Each structure stands twice: as C-alpha cells, then as structure tokens.
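As structure tokens, the structure follows; a few thoughts come after it.
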Amino acid sequence: MDAEKLSQRLQTVADFVPQGARLADIGTDHAYLPAALVLAGRIDFAVAGDVTLGPLQNATAEIERLHLSEQIQPRLADGLAAIQPTDQIDTVVIAGMGGTLIAKILTAGAVQLAGVKRLILQPNVGEARVRQWLMEHHYQLMAERIVAEDGHIYEILVADYTGVPFSYNARELRFGPFLLAAGGPIFRQKWQEELQREAAALEQMKAAKEPPLEKIAAFQAQLAQIKEVLA
C-alpha cells in the first residue's frame, strides 16, 4: 500500500472526504490518505498529524517523494493539537485507533473542532464508545461501512455536525444504526466471532471458584442481544 494505491480500509475512508475539503488526518502514519486525496484532485490542503516522531518522519518522506509539500503539512502534535485556526479545517479523519482513544482525542480537541463539519472515524475496537461521543456532541451519523481486510474487520463511521440533539438506543450504539439495517456477510461474521468470544468468556466465569454473578448476568444479556441481531 502507498498513496497511489490505498488499502480497502483507507479507500473507504477516503470515499467519504468531501470534494474540496480542508482535511486533518490525525494519526496519519505515512500520510497515504491525504496524499492520495491530493493526487486524485479531491482536496488541495491537508494537515497530517502524528504524536510520534517515527511515523511523522515517514509521512514527511512520503509527502516529499510525491512533491506535495505545498498541499500537505506534516505536524508533530498530540491529537487535534495539530490543527491551527488558520488551517480552516472542516473535515477530520481519525483511523486505526481504539474507540476510547478516539473519544479522548475528540474531547481534548474541542477547541480545534470548532468549524469542523465532518468526522470520519475508524476505530479498531470500541465502536460503541465512538457512537456515544458523537451522540453526546451532536454529530449525527450519516453513513457506516464495514470492511474485511487482512484478517481484520473494520467499521468506518461518518458523522456530520448538526448541533441538534438526537439519540441512539443501546442496540444502535453497539451495532450501528446503518450497519444493523444493512446487515450483510461481513457484519454477520463480525458478530458471530464476537458471540463465540463472549460465550467462551462466560463459560470461564461460570467455572470460577467464586463466579462474578453481576458480570455473568451482563455477559448473558450481551449474548442474547447478539443472538437476536443475528436471528
């Protein structure tokens, strides 16, 4: 994979970046995403932010290799601190992190989110935590996609700021309102695998000398919910 040929996961993320967006790619790694978007003529300005020097050096090298230094600015920064007011960023991508970390980055960067219209988020785990954050901060889900690649299953969440209060129920937060409606083989595969993991964990808890009854009850409820969705 490189900027000229994105992975399926990153291409799915890229597809939701609006034409002409001013993009911040947080946790950019090699800057493949913003570089691909500039090369495709979709955007002409991006910030490529990373908290770690090694990945940022990789990003800088890729940007220079493609002669995109005027369009993409690599910045060493923690989360949304990479964004400056003069950037006029309207679209933020955070991909390839845990959901709890993504929510933490968004919360810490409240000032930088002023003026941001679209969030494109790809949590590796903890998707429900991300949906909860979006709901609490009036970013409404506009689309969800689920992608299987290299033995992993990824969810991509696309949300626009509305400023209007709305709510998702517990089922929607866990499974995703759009993904629930769409279903499909990858969705079923993900939750069948999760069902197996949780069932195995439940049996271990039941076999303990002092079974944690409250935790067992919670797992049983979660298993019932998955079975209902798969049915």
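Each chain in the structure tokens gets a letter, A, B and so on, in the order shown; residues start at 1 in every chain, and ligands are counted from 1 in the order they appear.
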With the cut-off set at 12 Å and counting only C-alpha atoms, tabulate each residue of stretch 90-156 of chain A with an atom at most that distance from an atom of stretch 37-60 of chain A, showing the nearest atom pair and its distance in Å to one decimal, ordered by chain and increasing number, as a Markdown table.
| residue | atom | partner | partner_atom | distance |
| --- | --- | --- | --- | --- |
| A:Asp90 | CA | A:Ala46 | CA | 10.3 |
| A:Thr91 | CA | A:Ala46 | CA | 9.5 |
| A:Val92 | CA | A:Val47 | CA | 9.5 |
| A:Val93 | CA | A:Ala48 | CA | 9.9 |
| A:Ile94 | CA | A:Gly49 | CA | 10.0 |
| A:Ala95 | CA | A:Asp50 | CA | 11.7 |
| A:Ile105 | CA | A:Val51 | CA | 11.4 |
Limited to all heavy atoms, could you put the picked residues into a file as a PDB file, in the first residue's frame?
ATOM      1  N   ASP A  90     -12.242  21.614   7.946  1.00  0.00           N
ATOM      2  CA  ASP A  90     -13.673  21.307   8.047  1.00  0.00           C
ATOM      3  C   ASP A  90     -13.951  19.803   8.103  1.00  0.00           C
ATOM      4  O   ASP A  90     -15.080  19.381   8.345  1.00  0.00           O
ATOM      5  CB  ASP A  90     -14.458  21.942   6.892  1.00  0.00           C
ATOM      6  CG  ASP A  90     -13.919  21.549   5.516  1.00  0.00           C
ATOM      7  OD1 ASP A  90     -13.476  20.398   5.341  1.00  0.00           O
ATOM      8  OD2 ASP A  90     -13.943  22.404   4.607  1.00  0.00           O
ATOM      9  N   THR A  91     -12.915  18.990   7.877  1.00  0.00           N
ATOM     10  CA  THR A  91     -13.075  17.531   7.888  1.00  0.00           C
ATOM     11  C   THR A  91     -11.914  16.905   8.647  1.00  0.00           C
ATOM     12  O   THR A  91     -10.751  17.230   8.374  1.00  0.00           O
ATOM     13  CB  THR A  91     -13.106  16.979   6.447  1.00  0.00           C
ATOM     14  OG1 THR A  91     -14.167  17.611   5.721  1.00  0.00           O
ATOM     15  CG2 THR A  91     -13.311  15.472   6.440  1.00  0.00           C
ATOM     16  N   VAL A  92     -12.244  16.034   9.582  1.00  0.00           N
ATOM     17  CA  VAL A  92     -11.217  15.359  10.387  1.00  0.00           C
ATOM     18  C   VAL A  92     -11.354  13.852  10.218  1.00  0.00           C
ATOM     19  O   VAL A  92     -12.456  13.306  10.312  1.00  0.00           O
ATOM     20  CB  VAL A  92     -11.341  15.729  11.883  1.00  0.00           C
ATOM     21  CG1 VAL A  92     -10.455  14.829  12.754  1.00  0.00           C
ATOM     22  CG2 VAL A  92     -10.978  17.192  12.100  1.00  0.00           C
ATOM     23  N   VAL A  93     -10.225  13.198   9.964  1.00  0.00           N
ATOM     24  CA  VAL A  93     -10.154  11.737   9.918  1.00  0.00           C
ATOM     25  C   VAL A  93      -9.305  11.253  11.088  1.00  0.00           C
ATOM     26  O   VAL A  93      -8.213  11.782  11.319  1.00  0.00           O
ATOM     27  CB  VAL A  93      -9.533  11.242   8.587  1.00  0.00           C
ATOM     28  CG1 VAL A  93      -9.184   9.750   8.683  1.00  0.00           C
ATOM     29  CG2 VAL A  93     -10.473  11.479   7.430  1.00  0.00           C
ATOM     30  N   ILE A  94      -9.834  10.290  11.829  1.00  0.00           N
ATOM     31  CA  ILE A  94      -9.036   9.577  12.839  1.00  0.00           C
ATOM     32  C   ILE A  94      -9.278   8.096  12.585  1.00  0.00           C
ATOM     33  O   ILE A  94     -10.388   7.603  12.789  1.00  0.00           O
ATOM     34  CB  ILE A  94      -9.419   9.944  14.277  1.00  0.00           C
ATOM     35  CG1 ILE A  94      -9.441  11.465  14.480  1.00  0.00           C
ATOM     36  CG2 ILE A  94      -8.446   9.297  15.268  1.00  0.00           C
ATOM     37  CD1 ILE A  94      -9.874  11.892  15.886  1.00  0.00           C
ATOM     38  N   ALA A  95      -8.249   7.397  12.130  1.00  0.00           N
ATOM     39  CA  ALA A  95      -8.419   5.993  11.740  1.00  0.00           C
ATOM     40  C   ALA A  95      -7.333   5.130  12.369  1.00  0.00           C
ATOM     41  O   ALA A  95      -6.183   5.554  12.521  1.00  0.00           O
ATOM     42  CB  ALA A  95      -8.362   5.862  10.218  1.00  0.00           C
ATOM     43  N   ILE A 105      -9.378  11.820  22.224  1.00  0.00           N
ATOM     44  CA  ILE A 105      -8.782  12.819  21.335  1.00  0.00           C
ATOM     45  C   ILE A 105      -9.809  13.882  20.953  1.00  0.00           C
ATOM     46  O   ILE A 105      -9.518  15.084  20.966  1.00  0.00           O
ATOM     47  CB  ILE A 105      -8.218  12.134  20.070  1.00  0.00           C
ATOM     48  CG1 ILE A 105      -6.951  11.344  20.422  1.00  0.00           C
ATOM     49  CG2 ILE A 105      -7.923  13.156  18.966  1.00  0.00           C
ATOM     50  CD1 ILE A 105      -6.456  10.443  19.309  1.00  0.00           C
TER      51      ILE A 105
END
When you look at A:Ile153 with a cut-off of 12 Å (counting only C-alpha atoms), what residues show up, excluding the ones that are within fewer than 3 positions of it in the same chain? I need them as a PyMOL selection string.
chain A and resi 8-9+96+122-125+127+145-150+156+185-191+193-194
Please write the residues from the selection above to a file, keeping N, CA and C atoms, as a JSON list (two decimals), in the first residue's frame.
[["chain", "number", "residue", "atom", "x", "y", "z"],
["A", 8, "GLN", "N", -8.12, -1.20, 1.12],
["A", 8, "GLN", "CA", -9.58, -1.09, 1.04],
["A", 8, "GLN", "C", -10.12, -0.26, 2.20],
["A", 9, "ARG", "N", -9.55, -0.45, 3.39],
["A", 9, "ARG", "CA", -9.98, 0.30, 4.58],
["A", 9, "ARG", "C", -9.79, 1.79, 4.37],
["A", 96, "GLY", "N", -7.72, 3.91, 12.73],
["A", 96, "GLY", "CA", -6.74, 2.93, 13.18],
["A", 96, "GLY", "C", -6.39, 3.00, 14.65],
["A", 122, "GLN", "N", -12.49, 5.65, 12.21],
["A", 122, "GLN", "CA", -12.38, 4.20, 12.02],
["A", 122, "GLN", "C", -11.72, 3.60, 13.26],
["A", 123, "PRO", "N", -12.54, 3.29, 14.28],
["A", 123, "PRO", "CA", -12.00, 2.64, 15.47],
["A", 123, "PRO", "C", -11.70, 1.17, 15.21],
["A", 124, "ASN", "N", -10.58, 0.68, 15.75],
["A", 124, "ASN", "CA", -10.27, -0.74, 15.62],
["A", 124, "ASN", "C", -11.13, -1.59, 16.56],
["A", 125, "VAL", "N", -11.44, -1.02, 17.71],
["A", 125, "VAL", "CA", -12.33, -1.64, 18.70],
["A", 125, "VAL", "C", -13.11, -0.50, 19.37],
["A", 127, "GLU", "N", -16.31, 0.59, 19.06],
["A", 127, "GLU", "CA", -17.12, 1.45, 18.19],
["A", 127, "GLU", "C", -18.28, 2.11, 18.94],
["A", 145, "ARG", "N", -19.83, 1.95, 7.26],
["A", 145, "ARG", "CA", -19.39, 0.87, 6.38],
["A", 145, "ARG", "C", -18.62, -0.15, 7.22],
["A", 146, "ILE", "N", -18.66, -1.40, 6.79],
["A", 146, "ILE", "CA", -17.89, -2.46, 7.45],
["A", 146, "ILE", "C", -17.07, -3.16, 6.38],
["A", 147, "VAL", "N", -15.77, -3.33, 6.68],
["A", 147, "VAL", "CA", -14.80, -3.82, 5.69],
["A", 147, "VAL", "C", -13.98, -4.94, 6.31],
["A", 148, "ALA", "N", -13.79, -6.03, 5.57],
["A", 148, "ALA", "CA", -12.89, -7.11, 5.99],
["A", 148, "ALA", "C", -11.63, -7.04, 5.15],
["A", 149, "GLU", "N", -10.47, -7.04, 5.83],
["A", 149, "GLU", "CA", -9.20, -6.93, 5.12],
["A", 149, "GLU", "C", -8.08, -7.52, 5.97],
["A", 150, "ASP", "N", -7.29, -8.40, 5.37],
["A", 150, "ASP", "CA", -6.12, -8.99, 6.03],
["A", 150, "ASP", "C", -6.46, -9.61, 7.38],
["A", 156, "ILE", "N", -16.23, 1.86, 9.64],
["A", 156, "ILE", "CA", -15.97, 3.27, 9.34],
["A", 156, "ILE", "C", -17.24, 4.05, 9.63],
["A", 185, "PRO", "N", -22.82, -10.20, 4.92],
["A", 185, "PRO", "CA", -21.95, -11.29, 5.40],
["A", 185, "PRO", "C", -20.83, -10.84, 6.33],
["A", 186, "ILE", "N", -20.24, -9.67, 6.08],
["A", 186, "ILE", "CA", -19.14, -9.23, 6.95],
["A", 186, "ILE", "C", -19.67, -8.85, 8.33],
["A", 187, "PHE", "N", -20.81, -8.19, 8.35],
["A", 187, "PHE", "CA", -21.47, -7.84, 9.63],
["A", 187, "PHE", "C", -21.77, -9.12, 10.42],
["A", 188, "ARG", "N", -22.33, -10.11, 9.75],
["A", 188, "ARG", "CA", -22.65, -11.38, 10.42],
["A", 188, "ARG", "C", -21.39, -12.07, 10.92],
["A", 189, "GLN", "N", -20.35, -12.05, 10.11],
["A", 189, "GLN", "CA", -19.09, -12.67, 10.51],
["A", 189, "GLN", "C", -18.54, -12.03, 11.78],
["A", 190, "LYS", "N", -18.56, -10.70, 11.81],
["A", 190, "LYS", "CA", -18.03, -9.99, 12.98],
["A", 190, "LYS", "C", -18.77, -10.42, 14.24],
["A", 191, "TRP", "N", -20.08, -10.44, 14.18],
["A", 191, "TRP", "CA", -20.85, -10.69, 15.40],
["A", 191, "TRP", "C", -20.93, -12.18, 15.73],
["A", 193, "GLU", "N", -18.27, -14.08, 15.39],
["A", 193, "GLU", "CA", -16.98, -14.22, 16.08],
["A", 193, "GLU", "C", -17.06, -13.64, 17.49],
["A", 194, "GLU", "N", -17.72, -12.49, 17.63],
["A", 194, "GLU", "CA", -17.88, -11.88, 18.95],
["A", 194, "GLU", "C", -18.73, -12.78, 19.85]]
Name the residues in contact with A:Phe175 at a cut-off of 12 Å, using only C-alpha atoms, excluding same-chain residues fewer than 6 positions from it; report them as a list in words.
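Non-adjacent residues within range: Gly126, Glu127, Ala128, Arg129, Val130, Arg131, Gln132, Glu144, Arg145, Ile146, Glu155, Leu157, Tyr168, Asn169, Ala181, Ala182, Gly183, Phe187, Arg188, Lys190, Trp191, Glu194, Gln222, Gln225, Ile226, Glu228, Val229 and Leu230 of chain A.
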Find the residues of stretch 108-131 of chain A that sit at most 12 Å from stretch 65-89 of chain A; for each, write down the nearest two atoms and how far apart they are in Å, to one decimal. Count only C-alpha atoms. Sort by chain, then by number going up, and give it as a Markdown table.
| residue | atom | partner | partner_atom | distance |
| --- | --- | --- | --- | --- |
| A:Ala108 | CA | A:Leu80 | CA | 7.7 |
| A:Gly109 | CA | A:Leu80 | CA | 5.1 |
| A:Ala110 | CA | A:Leu80 | CA | 8.5 |
| A:Val111 | CA | A:Leu80 | CA | 8.8 |
| A:Gln112 | CA | A:Ile83 | CA | 6.3 |
| A:Leu113 | CA | A:Leu80 | CA | 8.0 |
| A:Ala114 | CA | A:Ile89 | CA | 8.9 |
| A:Gly115 | CA | A:Ile89 | CA | 7.1 |
| A:Val116 | CA | A:Ile89 | CA | 6.2 |
| A:Lys117 | CA | A:Ile89 | CA | 8.8 |
| A:Arg118 | CA | A:Ile89 | CA | 9.7 |
| A:Leu119 | CA | A:Ile89 | CA | 11.0 |
Using the selection just defined, write its residues with N, CA and C atoms as a CSV table (one decimal), in the first residue's frame.
chain,number,residue,atom,x,y,z
A,108,ALA,N,-10.5,16.1,24.0
A,108,ALA,CA,-9.4,17.0,24.3
A,108,ALA,C,-9.3,18.1,23.3
A,109,GLY,N,-9.8,17.8,22.1
A,109,GLY,CA,-9.6,18.8,21.0
A,109,GLY,C,-10.9,19.6,20.7
A,110,ALA,N,-11.7,19.9,21.7
A,110,ALA,CA,-13.0,20.6,21.5
A,110,ALA,C,-12.8,21.9,20.8
A,111,VAL,N,-11.7,22.6,21.2
A,111,VAL,CA,-11.4,24.0,20.6
A,111,VAL,C,-11.2,23.8,19.1
A,112,GLN,N,-10.3,22.8,18.7
A,112,GLN,CA,-10.0,22.6,17.3
A,112,GLN,C,-11.1,22.2,16.5
A,113,LEU,N,-12.2,21.6,17.1
A,113,LEU,CA,-13.3,21.1,16.4
A,113,LEU,C,-14.3,22.2,15.9
A,114,ALA,N,-14.1,23.4,16.5
A,114,ALA,CA,-15.0,24.5,16.0
A,114,ALA,C,-14.8,24.7,14.5
A,115,GLY,N,-15.9,24.6,13.8
A,115,GLY,CA,-15.9,24.7,12.4
A,115,GLY,C,-15.7,23.4,11.6
A,116,VAL,N,-15.5,22.3,12.3
A,116,VAL,CA,-15.4,21.0,11.7
A,116,VAL,C,-16.8,20.5,11.4
A,117,LYS,N,-17.1,20.2,10.2
A,117,LYS,CA,-18.4,19.8,9.8
A,117,LYS,C,-18.5,18.3,9.7
A,118,ARG,N,-17.4,17.6,9.4
A,118,ARG,CA,-17.5,16.1,9.2
A,118,ARG,C,-16.3,15.4,9.9
A,119,LEU,N,-16.7,14.3,10.6
A,119,LEU,CA,-15.8,13.4,11.2
A,119,LEU,C,-15.9,12.1,10.5
